[in-house]
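Just below is one structure, and these are the notes that go with it.
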Amino acid sequence: MSDTTSIPSSAPSETYPSSCHCGHIKFDVTLSPPLSQQQVMNCNCSICQRAGYLLVLTWHNSSRSRCATYLFNSKTRHQLFCPKCGISIGIDFKDTTFPASRRNHYGISVRIFNNINLDILTYHKYDGVGAVPPNGKDLSGIQWEIDEAERLEKEKGKSS
């Protein structure tokens with residue numbers, strides 16, 4: 001998912017082998033500066049908390065073909081995950097209203113980097129709750145209700 005051509009050859013960088021749990025999604029992430037010199041984003045928004053995201057930004061190169069996606073709230077940021085094991089990969093910031101400096105990036109969770117010690121990383125707390133407020137709808141249970149209605153409709157069609 002990284003685009004190493006975007007990194008100047010003189011800049012210090014490091015490449016991190018990464019994968020989901022089952023190995024269906026495998027890729028290398030090249031960061032400049034290296035992870036040890038970056039602050040990892042620890043966001044308090046609902047999706048980052050539930051998915052366990054600890055994000056670093058890397059260049060977008062449209063290489064997410066094996067990832068499944070999920071949209072929520074403002075429907076502007078594709079949450080990327082493995083369709084086989086369900087592991088959260090990160091967030092696609094390509095089509096967001098964020099500043100241009102962040103728009104052509106993936107937010108990749110360092111939790112999928114192989115052999116990373118999370119205890120030695122430096123974290124930056126980001127107030128995602130304050131930056132992107134909820135859309136005001138109470139969505140508790142709504143997907144279950146939609147799924148149940150579809151199931152009942154299919155059963156009704158089979159019995160006809």
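Within each chain, counting starts at residue 1; across the structure tokens, chains are named A, B, ... in the order shown, with ligands numbered 1 upward in that order.
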Checklist entry - Which parts of stretch 9-159 of chain A does DSSP call helix (DSSP H, G or I) when run on the backbone here, written out as number ranges by chain? => result A: 35-37, 46-51, 100-103, 110-112, 118-120, 128-131, 142-159
Please produce an output containing C-alpha atoms for each residue in the selection, written as a PDB file, in the first residue's frame.
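Wrote part.pdb, looks like this:
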ATOM      1  CA  LEU A  35       8.495   4.755  12.672  1.00  0.00           C
ATOM      2  CA  SER A  36      10.909   5.358  15.559  1.00  0.00           C
ATOM      3  CA  GLN A  37      11.007   9.050  14.563  1.00  0.00           C
ATOM      4  CA  SER A  46     -15.631   5.569  17.627  1.00  0.00           C
ATOM      5  CA  ILE A  47     -14.191   3.640  14.669  1.00  0.00           C
ATOM      6  CA  CYS A  48     -10.560   4.083  15.735  1.00  0.00           C
ATOM      7  CA  GLN A  49     -11.410   2.983  19.272  1.00  0.00           C
ATOM      8  CA  ARG A  50     -13.398  -0.062  18.194  1.00  0.00           C
ATOM      9  CA  ALA A  51     -10.968  -1.134  15.449  1.00  0.00           C
ATOM     10  CA  ALA A 100      -4.750  18.375   0.761  1.00  0.00           C
ATOM     11  CA  SER A 101      -1.671  17.367   2.761  1.00  0.00           C
ATOM     12  CA  ARG A 102      -3.651  14.429   4.240  1.00  0.00           C
ATOM     13  CA  ARG A 103      -6.017  13.658   1.389  1.00  0.00           C
ATOM     14  CA  VAL A 110       0.856   0.010  13.009  1.00  0.00           C
ATOM     15  CA  ARG A 111      -0.845  -2.932  14.725  1.00  0.00           C
ATOM     16  CA  ILE A 112      -0.554  -4.832  11.419  1.00  0.00           C
ATOM     17  CA  LEU A 118       3.911  -0.874  20.549  1.00  0.00           C
ATOM     18  CA  ASP A 119       5.334   0.015  23.978  1.00  0.00           C
ATOM     19  CA  ILE A 120       8.324   1.887  22.533  1.00  0.00           C
ATOM     20  CA  GLY A 128     -11.491  12.663  16.244  1.00  0.00           C
ATOM     21  CA  VAL A 129     -14.717  12.970  18.243  1.00  0.00           C
ATOM     22  CA  GLY A 130     -14.369  16.758  18.210  1.00  0.00           C
ATOM     23  CA  ALA A 131     -13.125  16.941  14.605  1.00  0.00           C
ATOM     24  CA  ILE A 142     -30.304  -0.396  12.725  1.00  0.00           C
ATOM     25  CA  GLN A 143     -28.147  -2.846  10.730  1.00  0.00           C
ATOM     26  CA  TRP A 144     -29.671  -5.781  12.591  1.00  0.00           C
ATOM     27  CA  GLU A 145     -33.135  -4.426  11.778  1.00  0.00           C
ATOM     28  CA  ILE A 146     -32.242  -4.067   8.081  1.00  0.00           C
ATOM     29  CA  ASP A 147     -30.759  -7.575   7.953  1.00  0.00           C
ATOM     30  CA  GLU A 148     -33.776  -9.053   9.738  1.00  0.00           C
ATOM     31  CA  ALA A 149     -36.208  -7.326   7.344  1.00  0.00           C
ATOM     32  CA  GLU A 150     -34.236  -8.663   4.341  1.00  0.00           C
ATOM     33  CA  ARG A 151     -34.202 -12.182   5.822  1.00  0.00           C
ATOM     34  CA  LEU A 152     -37.965 -12.114   6.412  1.00  0.00           C
ATOM     35  CA  GLU A 153     -38.561 -10.822   2.880  1.00  0.00           C
ATOM     36  CA  LYS A 154     -36.485 -13.687   1.423  1.00  0.00           C
ATOM     37  CA  GLU A 155     -38.380 -16.241   3.514  1.00  0.00           C
ATOM     38  CA  LYS A 156     -41.669 -14.738   2.357  1.00  0.00           C
ATOM     39  CA  GLY A 157     -40.523 -15.024  -1.275  1.00  0.00           C
ATOM     40  CA  LYS A 158     -39.547 -18.692  -0.851  1.00  0.00           C
ATOM     41  CA  SER A 159     -42.915 -19.640   0.627  1.00  0.00           C
TER      42      SER A 159
END
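Distance check against A:Ile116 using only C-alpha atoms: of A:Leu54, A:Arg64, A:Tyr16, A:Ile91, the minimum falls on A:Tyr16.
Among A:Asn114, A:Ser18, A:Ser10, A:Gln79, the residue with the shortest atom-to-atom distance to A:Tyr53, counting only C-alpha atoms, is A:Gln79.
The protein and nucleic acid residues lying at most 12 Å from A:Lys84 are Cys20, His21, Cys22, Gly23, His24, Ile25, Arg66, Cys67, Ala68, Phe81, Ile87 and Ser88 of chain A, with only C-alpha atoms considered and sequence neighbours fewer than 3 positions away removed.
Compared by their closest atoms to A:Leu31, and using only C-alpha atoms, the residues A:Leu121, A:Leu57, A:Ile89, A:Leu80 rank with A:Leu57 nearest.
For the residues A:Pro12, A:Pro83, A:Pro17, A:Gly90, ranking by smallest atom-to-atom distance to A:Pro33 using only C-alpha atoms places A:Pro12 first.
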